[in-house]
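Student: Sending over a structure as structure tokens; questions will come in a sec.
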Amino acid sequence: MSATAALVAAAAVLVSGCTSTKSGQAAGGKSAAGVQLVSPGTLKTCTHLPYAPFQVKKEGKIVGFDVDLVDLVAKELKVPQEIVNTPFEGIETGQDFAIRKCDLAAAGMTITDQRKKVMDFSDPYFEATQALITKKGKPYKKVEDLKGKKLGYQKATTGGVYAKQHGQGVELVEFEDLGLLLTAVKAGQVDAGINDNGVLFDYVKQNPDTAVTAEFRTGEHYGIGVRKGDDALRKKINEVLRKARADGSYDRIYKKWFGTAPQQG
């Protein structure tokens, strides 16, 4: 996800995450690992639903690739993870960190220079690029092919930025979240949609009447965001990510959600 947008104040919906780790909160609001948490005894994660397979609600529980990765961080801190579902604008503008709504943000979020001004990022943990989704059989291979047609994009995302840069003569339609965008593509309300490749390929597996017709090599990398200056938590996240790659946990989680091992290189 990515781009600049107006700050949105909205009530957060708190939903318990899926870890079963026991609380290890020390005196003074710090975890057993010395990380200062917003709420003692809990690692709060801001995200924006739905964004399958990174985070999605299934059978009353929020699950996904990002959720499982952050569970590894929570386990290291000896606290449970709690998901805060919040509008993406509040995450990507840094507002949610400013009001201490969460400790970190894991939302399939691309690391950008603009976002680095309002938050710090972990090391990259996922490679992504933009892609085009249409009803199956449509001929669109690039944004420019949609002149005179409707192209949907998700608000405050890098897909929206790409669409605006390449969409001269294209009618751009903004959607609040990925679910609304994909529904519009499937229903024919827009001729195509643009978003990150991982979520679109996940969607077409379950919806064979749609297809990903193009990928645009934008060289994006996802990072886990933390409040500006929160080096203790950022370093702990990086430590956990390095360990997960070394011991096979990352590959196992990746295969669980994407059906294949990550490409090496």
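FYI, nothing fancy with the structure tokens labels: chains A, B, ... in order, residues from 1 per chain, ligands from 1 as they appear.
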Taking 6 positions as the minimum chain separation for residues in the same chain, which residues sit within 6 Å of region 175-191 of chain A when counting only C-alpha atoms? Answer as a PDB file with N, CA and C atoms, in the first residue's frame.
Tutor:
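For reference, part-v3.pdb as written:
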ATOM      1  N   LYS A 150     -12.429   2.534 -17.067  1.00  0.00           N
ATOM      2  CA  LYS A 150     -12.341   2.800 -15.632  1.00  0.00           C
ATOM      3  C   LYS A 150     -11.303   1.886 -14.968  1.00  0.00           C
ATOM      4  N   LEU A 151     -10.391   2.501 -14.239  1.00  0.00           N
ATOM      5  CA  LEU A 151      -9.370   1.776 -13.476  1.00  0.00           C
ATOM      6  C   LEU A 151      -9.545   2.086 -12.000  1.00  0.00           C
ATOM      7  N   GLN A 154      -6.844   1.455  -4.748  1.00  0.00           N
ATOM      8  CA  GLN A 154      -7.127   1.605  -3.321  1.00  0.00           C
ATOM      9  C   GLN A 154      -6.537   2.914  -2.808  1.00  0.00           C
ATOM     10  N   LYS A 155      -7.306   3.613  -2.030  1.00  0.00           N
ATOM     11  CA  LYS A 155      -6.903   4.909  -1.475  1.00  0.00           C
ATOM     12  C   LYS A 155      -5.596   4.800  -0.690  1.00  0.00           C
TER      13      LYS A 155
END
Student: Hey, what does DSSP flag as helix (DSSP H, G or I) within region 71-151 of chain A? Can you give it to me as a list in words?
Tutor: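 In region 71-151 of chain A, DSSP puts these residues in helix (DSSP H, G or I): Asp71, Leu72, Val73, Ala74, Lys75, Glu76, Leu77, Phe88, Glu89, Gly90, Ile91, Glu92, Gln95, Asp96, Phe97, Ala98, Asp113, Gln114, Arg115, Lys116, Val143, Glu144, Asp145 and Leu146 of chain A.
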Student: Could you write out the selected residues, including N, CA, C and O atoms, as a compact mmCIF listing (two decimals), in the first residue's frame?
Tutor:
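Saved to again36.txt:
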# COMPACT_ATOMS: atom_id res chain seq x y z
N ASP A 71 3.66 -12.41 15.15
CA ASP A 71 3.55 -13.35 16.28
C ASP A 71 4.93 -13.80 16.74
O ASP A 71 5.15 -14.05 17.93
N LEU A 72 5.87 -13.92 15.82
CA LEU A 72 7.24 -14.30 16.19
C LEU A 72 7.87 -13.21 17.06
O LEU A 72 8.61 -13.51 18.01
N VAL A 73 7.59 -11.95 16.73
CA VAL A 73 8.09 -10.83 17.53
C VAL A 73 7.44 -10.85 18.92
O VAL A 73 8.11 -10.70 19.95
N ALA A 74 6.12 -11.06 18.94
CA ALA A 74 5.39 -11.10 20.21
C ALA A 74 5.92 -12.23 21.10
O ALA A 74 6.09 -12.06 22.32
N LYS A 75 6.20 -13.37 20.50
CA LYS A 75 6.73 -14.50 21.26
C LYS A 75 8.08 -14.16 21.87
O LYS A 75 8.36 -14.50 23.03
N GLU A 76 8.92 -13.47 21.11
CA GLU A 76 10.23 -13.05 21.61
C GLU A 76 10.09 -12.07 22.78
O GLU A 76 10.88 -12.08 23.72
N LEU A 77 9.06 -11.22 22.71
CA LEU A 77 8.81 -10.25 23.78
C LEU A 77 8.02 -10.84 24.94
O LEU A 77 7.81 -10.18 25.96
N PHE A 88 -6.11 2.93 6.61
CA PHE A 88 -4.70 2.91 6.22
C PHE A 88 -4.06 4.29 6.24
O PHE A 88 -2.86 4.43 6.49
N GLU A 89 -4.85 5.33 6.00
CA GLU A 89 -4.30 6.69 6.03
C GLU A 89 -3.65 7.00 7.37
O GLU A 89 -2.61 7.67 7.43
N GLY A 90 -4.28 6.55 8.46
CA GLY A 90 -3.74 6.80 9.78
C GLY A 90 -2.41 6.10 10.01
O GLY A 90 -1.56 6.59 10.76
N ILE A 91 -2.24 4.96 9.36
CA ILE A 91 -0.98 4.23 9.46
C ILE A 91 0.10 4.93 8.65
O ILE A 91 1.15 5.30 9.15
N GLU A 92 -0.17 5.13 7.35
CA GLU A 92 0.89 5.58 6.44
C GLU A 92 1.29 7.05 6.63
O GLU A 92 2.37 7.45 6.22
N GLN A 95 0.06 9.07 11.80
CA GLN A 95 -0.87 9.57 12.82
C GLN A 95 -1.11 8.54 13.92
O GLN A 95 -1.18 8.90 15.10
N ASP A 96 -1.23 7.27 13.56
CA ASP A 96 -1.53 6.25 14.57
C ASP A 96 -0.38 6.09 15.56
O ASP A 96 -0.61 5.77 16.73
N PHE A 97 0.84 6.32 15.11
CA PHE A 97 1.97 6.29 16.04
C PHE A 97 1.97 7.54 16.92
O PHE A 97 2.27 7.47 18.11
N ALA A 98 1.61 8.68 16.34
CA ALA A 98 1.60 9.94 17.09
C ALA A 98 0.63 9.89 18.25
O ALA A 98 0.90 10.45 19.32
N ASP A 113 10.18 6.79 0.73
CA ASP A 113 10.86 7.94 1.33
C ASP A 113 9.87 8.83 2.07
O ASP A 113 10.19 9.39 3.13
N GLN A 114 8.67 8.97 1.52
CA GLN A 114 7.65 9.80 2.15
C GLN A 114 7.28 9.24 3.52
O GLN A 114 7.16 9.97 4.51
N ARG A 115 7.10 7.95 3.60
CA ARG A 115 6.72 7.32 4.87
C ARG A 115 7.85 7.32 5.89
O ARG A 115 7.61 7.36 7.09
N LYS A 116 9.08 7.29 5.39
CA LYS A 116 10.23 7.33 6.30
C LYS A 116 10.30 8.65 7.06
O LYS A 116 10.96 8.73 8.09
N VAL A 143 -1.52 0.12 -17.95
CA VAL A 143 -2.48 1.15 -17.57
C VAL A 143 -2.90 1.96 -18.80
O VAL A 143 -4.08 2.31 -18.96
N GLU A 144 -1.96 2.22 -19.69
CA GLU A 144 -2.27 3.02 -20.88
C GLU A 144 -3.32 2.36 -21.78
O GLU A 144 -4.00 3.04 -22.55
N ASP A 145 -3.47 1.03 -21.67
CA ASP A 145 -4.48 0.32 -22.47
C ASP A 145 -5.91 0.67 -22.05
O ASP A 145 -6.86 0.35 -22.75
N LEU A 146 -6.03 1.32 -20.90
CA LEU A 146 -7.35 1.59 -20.33
C LEU A 146 -7.88 2.99 -20.65
O LEU A 146 -8.81 3.47 -20.01
Student: Might you pull out every residue within 9 Å of Arg217 (chain A), with only C-alpha atoms counted and same-chain residues fewer than 3 positions away left off, and present them as an mmCIF file with N, CA, C and O atoms, in the first residue's frame?
Tutor:
data_model
loop_
_atom_site.group_PDB
_atom_site.id
_atom_site.type_symbol
_atom_site.label_atom_id
_atom_site.label_comp_id
_atom_site.auth_asym_id
_atom_site.auth_seq_id
_atom_site.Cartn_x
_atom_site.Cartn_y
_atom_site.Cartn_z
ATOM 1 N N ALA A 128 7.585 -6.831 -3.481
ATOM 2 C CA ALA A 128 6.272 -6.668 -4.122
ATOM 3 C C ALA A 128 6.408 -5.803 -5.357
ATOM 4 O O ALA A 128 7.428 -5.152 -5.583
ATOM 5 N N THR A 129 5.379 -5.793 -6.158
ATOM 6 C CA THR A 129 5.297 -4.919 -7.312
ATOM 7 C C THR A 129 3.821 -4.684 -7.614
ATOM 8 O O THR A 129 2.956 -5.335 -7.031
ATOM 9 N N GLN A 130 3.532 -3.762 -8.485
ATOM 10 C CA GLN A 130 2.147 -3.484 -8.836
ATOM 11 C C GLN A 130 1.661 -4.442 -9.918
ATOM 12 O O GLN A 130 2.443 -4.944 -10.731
ATOM 13 N N ALA A 131 0.372 -4.708 -9.922
ATOM 14 C CA ALA A 131 -0.212 -5.624 -10.908
ATOM 15 C C ALA A 131 -1.608 -5.145 -11.280
ATOM 16 O O ALA A 131 -2.235 -4.355 -10.560
ATOM 17 N N GLU A 220 9.262 -2.661 -5.195
ATOM 18 C CA GLU A 220 8.818 -2.305 -3.849
ATOM 19 C C GLU A 220 9.192 -3.376 -2.821
ATOM 20 O O GLU A 220 9.287 -4.560 -3.140
#
Student: What lies within 10 Å of Val63 (chain A) using only C-alpha atoms, ignoring chain neighbours under 3 positions off, as a list of chain:residue names?
Tutor: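 Near neighbours after the sequence-gap exclusion: A:Gly17, A:Cys18, A:Ala52, A:Pro53, A:Phe54, A:Gln55, A:Val56, A:Lys57, A:Lys58, A:Glu59, A:Gly60, A:Asp66, A:Val67, A:Asp68, A:Ile83, A:Trp257.
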Student: Of the candidates A:Thr260, A:Asn195, A:Ser122, A:Asn238, which one gets nearest to Tyr51 (chain A) if we count only C-alpha atoms?
Tutor: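 Going through A:Thr260, A:Asn195, A:Ser122, A:Asn238 one by one, the smallest distance to Tyr51 (chain A) is for A:Asn195.
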Student: Using DSSP on the backbone coordinates, identify all residues within region 83-158 of chain A classified as strand (DSSP E or B); present the result as a ChimeraX atom specification.
Tutor: /A:83-85,104-105,110,120-121,126-135,150-154
Student: Quick one: distance from CA of Lys164 (chain A) to CA of Thr86 (chain A) in Å, one decimal?
Tutor: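 About the pair CA of Lys164 (chain A) and CA of Thr86 (chain A): they are 24.8 Å apart.
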Student: So, counting only C-alpha atoms, which residue among A:Lys61, A:Tyr250, A:Val170, A:Glu82 is closest to Ser39 (chain A)?
Tutor: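 Ranked by minimum distance to Ser39 (chain A), first place goes to A:Glu82.
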Student: So what do you get for CA of Lys256 (chain A) versus CA of Val70 (chain A), distance-wise?
Tutor: 15.0 Å
Student: Restricting the calculation to only C-alpha atoms: of A:Thr218, A:Ala192, A:Ser249, A:Tyr153, which residue gets closest to Val173 (chain A)?
Tutor: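 Smallest separation from Val173 (chain A) among the options: A:Tyr153.
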Student: Quick one: residues within 10 Å of Asn197 (chain A), only C-alpha atoms, excluding same-chain residues fewer than 4 positions away - as a short mmCIF file (atom, residue, chain, number, x, y, z; two decimals) with all heavy atoms, in the first residue's frame?
Tutor:
data_model
loop_
_atom_site.label_atom_id
_atom_site.label_comp_id
_atom_site.auth_asym_id
_atom_site.auth_seq_id
_atom_site.Cartn_x
_atom_site.Cartn_y
_atom_site.Cartn_z
N GLU A 127 9.18 -8.78 -1.02
CA GLU A 127 9.29 -8.05 -2.29
C GLU A 127 7.92 -8.00 -2.95
O GLU A 127 7.21 -8.99 -3.01
CB GLU A 127 10.29 -8.72 -3.22
CG GLU A 127 11.73 -8.64 -2.73
CD GLU A 127 12.72 -9.21 -3.73
OE1 GLU A 127 12.36 -9.33 -4.92
OE2 GLU A 127 13.84 -9.52 -3.31
N ALA A 128 7.59 -6.83 -3.48
CA ALA A 128 6.27 -6.67 -4.12
C ALA A 128 6.41 -5.80 -5.36
O ALA A 128 7.43 -5.15 -5.58
CB ALA A 128 5.28 -6.04 -3.15
N THR A 129 5.38 -5.79 -6.16
CA THR A 129 5.30 -4.92 -7.31
C THR A 129 3.82 -4.68 -7.61
O THR A 129 2.96 -5.33 -7.03
CB THR A 129 6.04 -5.55 -8.51
OG1 THR A 129 6.20 -4.56 -9.53
CG2 THR A 129 5.29 -6.73 -9.07
N GLN A 130 3.53 -3.76 -8.49
CA GLN A 130 2.15 -3.48 -8.84
C GLN A 130 1.66 -4.44 -9.92
O GLN A 130 2.44 -4.94 -10.73
CB GLN A 130 1.99 -2.05 -9.30
CG GLN A 130 2.23 -1.02 -8.21
CD GLN A 130 1.38 -1.26 -6.99
OE1 GLN A 130 0.16 -1.38 -7.09
NE2 GLN A 130 2.01 -1.36 -5.84
N ALA A 131 0.37 -4.71 -9.92
CA ALA A 131 -0.21 -5.62 -10.91
C ALA A 131 -1.61 -5.15 -11.28
O ALA A 131 -2.23 -4.36 -10.56
CB ALA A 131 -0.27 -7.04 -10.35
N LEU A 132 -2.08 -5.65 -12.41
CA LEU A 132 -3.38 -5.28 -12.96
C LEU A 132 -4.30 -6.49 -12.90
O LEU A 132 -3.92 -7.59 -13.32
CB LEU A 132 -3.22 -4.82 -14.41
CG LEU A 132 -4.25 -3.87 -15.02
CD1 LEU A 132 -4.25 -2.54 -14.27
CD2 LEU A 132 -3.93 -3.65 -16.49
N ILE A 133 -5.51 -6.30 -12.35
CA ILE A 133 -6.50 -7.37 -12.30
C ILE A 133 -7.72 -6.97 -13.12
O ILE A 133 -8.15 -5.81 -13.08
CB ILE A 133 -6.88 -7.72 -10.84
CG1 ILE A 133 -7.81 -8.95 -10.81
CG2 ILE A 133 -7.51 -6.52 -10.13
CD1 ILE A 133 -8.05 -9.47 -9.40
N PHE A 201 -2.87 -11.99 -6.82
CA PHE A 201 -2.72 -13.40 -7.16
C PHE A 201 -3.48 -14.29 -6.17
O PHE A 201 -4.03 -15.32 -6.54
CB PHE A 201 -1.24 -13.80 -7.21
CG PHE A 201 -0.57 -13.44 -8.50
CD1 PHE A 201 0.45 -12.50 -8.53
CD2 PHE A 201 -0.97 -14.00 -9.70
CE1 PHE A 201 1.08 -12.16 -9.72
CE2 PHE A 201 -0.36 -13.67 -10.91
CZ PHE A 201 0.67 -12.74 -10.92
N ASP A 202 -3.52 -13.88 -4.91
CA ASP A 202 -4.28 -14.62 -3.92
C ASP A 202 -5.77 -14.58 -4.26
O ASP A 202 -6.47 -15.59 -4.15
CB ASP A 202 -4.05 -14.02 -2.52
CG ASP A 202 -4.78 -14.78 -1.43
OD1 ASP A 202 -4.31 -15.86 -1.05
OD2 ASP A 202 -5.83 -14.28 -0.96
N TYR A 203 -6.26 -13.43 -4.71
CA TYR A 203 -7.68 -13.27 -5.02
C TYR A 203 -8.09 -14.12 -6.23
O TYR A 203 -9.14 -14.78 -6.20
CB TYR A 203 -7.99 -11.79 -5.29
CG TYR A 203 -9.45 -11.52 -5.56
CD1 TYR A 203 -10.37 -11.46 -4.52
CD2 TYR A 203 -9.91 -11.31 -6.86
CE1 TYR A 203 -11.71 -11.22 -4.75
CE2 TYR A 203 -11.25 -11.05 -7.10
CZ TYR A 203 -12.15 -11.01 -6.04
OH TYR A 203 -13.48 -10.76 -6.27
N VAL A 212 -4.95 -11.84 -13.34
CA VAL A 212 -3.90 -10.83 -13.29
C VAL A 212 -3.29 -10.77 -14.69
O VAL A 212 -2.70 -11.75 -15.16
CB VAL A 212 -2.83 -11.17 -12.24
CG1 VAL A 212 -1.67 -10.18 -12.32
CG2 VAL A 212 -3.44 -11.15 -10.83
N ALA A 214 -1.13 -8.27 -15.91
CA ALA A 214 0.17 -7.61 -16.05
C ALA A 214 0.77 -7.34 -14.68
O ALA A 214 0.04 -7.19 -13.68
CB ALA A 214 0.02 -6.30 -16.81
N GLU A 215 2.09 -7.32 -14.62
CA GLU A 215 2.82 -6.86 -13.45
C GLU A 215 3.77 -5.76 -13.89
O GLU A 215 4.34 -5.81 -14.98
CB GLU A 215 3.62 -8.01 -12.81
CG GLU A 215 2.76 -9.06 -12.14
CD GLU A 215 3.59 -10.14 -11.48
OE1 GLU A 215 4.06 -9.92 -10.35
OE2 GLU A 215 3.80 -11.20 -12.12
N PHE A 216 3.93 -4.74 -13.04
CA PHE A 216 4.78 -3.61 -13.34
C PHE A 216 5.93 -3.60 -12.34
O PHE A 216 5.70 -3.46 -11.14
CB PHE A 216 3.98 -2.31 -13.27
CG PHE A 216 2.64 -2.39 -13.97
CD1 PHE A 216 1.45 -2.25 -13.26
CD2 PHE A 216 2.58 -2.63 -15.33
CE1 PHE A 216 0.23 -2.33 -13.90
CE2 PHE A 216 1.35 -2.72 -15.98
CZ PHE A 216 0.18 -2.57 -15.27
#
Student: When you count only C-alpha atoms, which of these residues is closest to Leu69 (chain A): A:Gly167, A:Ile194, A:Gly148, A:Ala106?
Tutor: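 Answer, going by the shortest atom-to-atom distance: A:Ala106.
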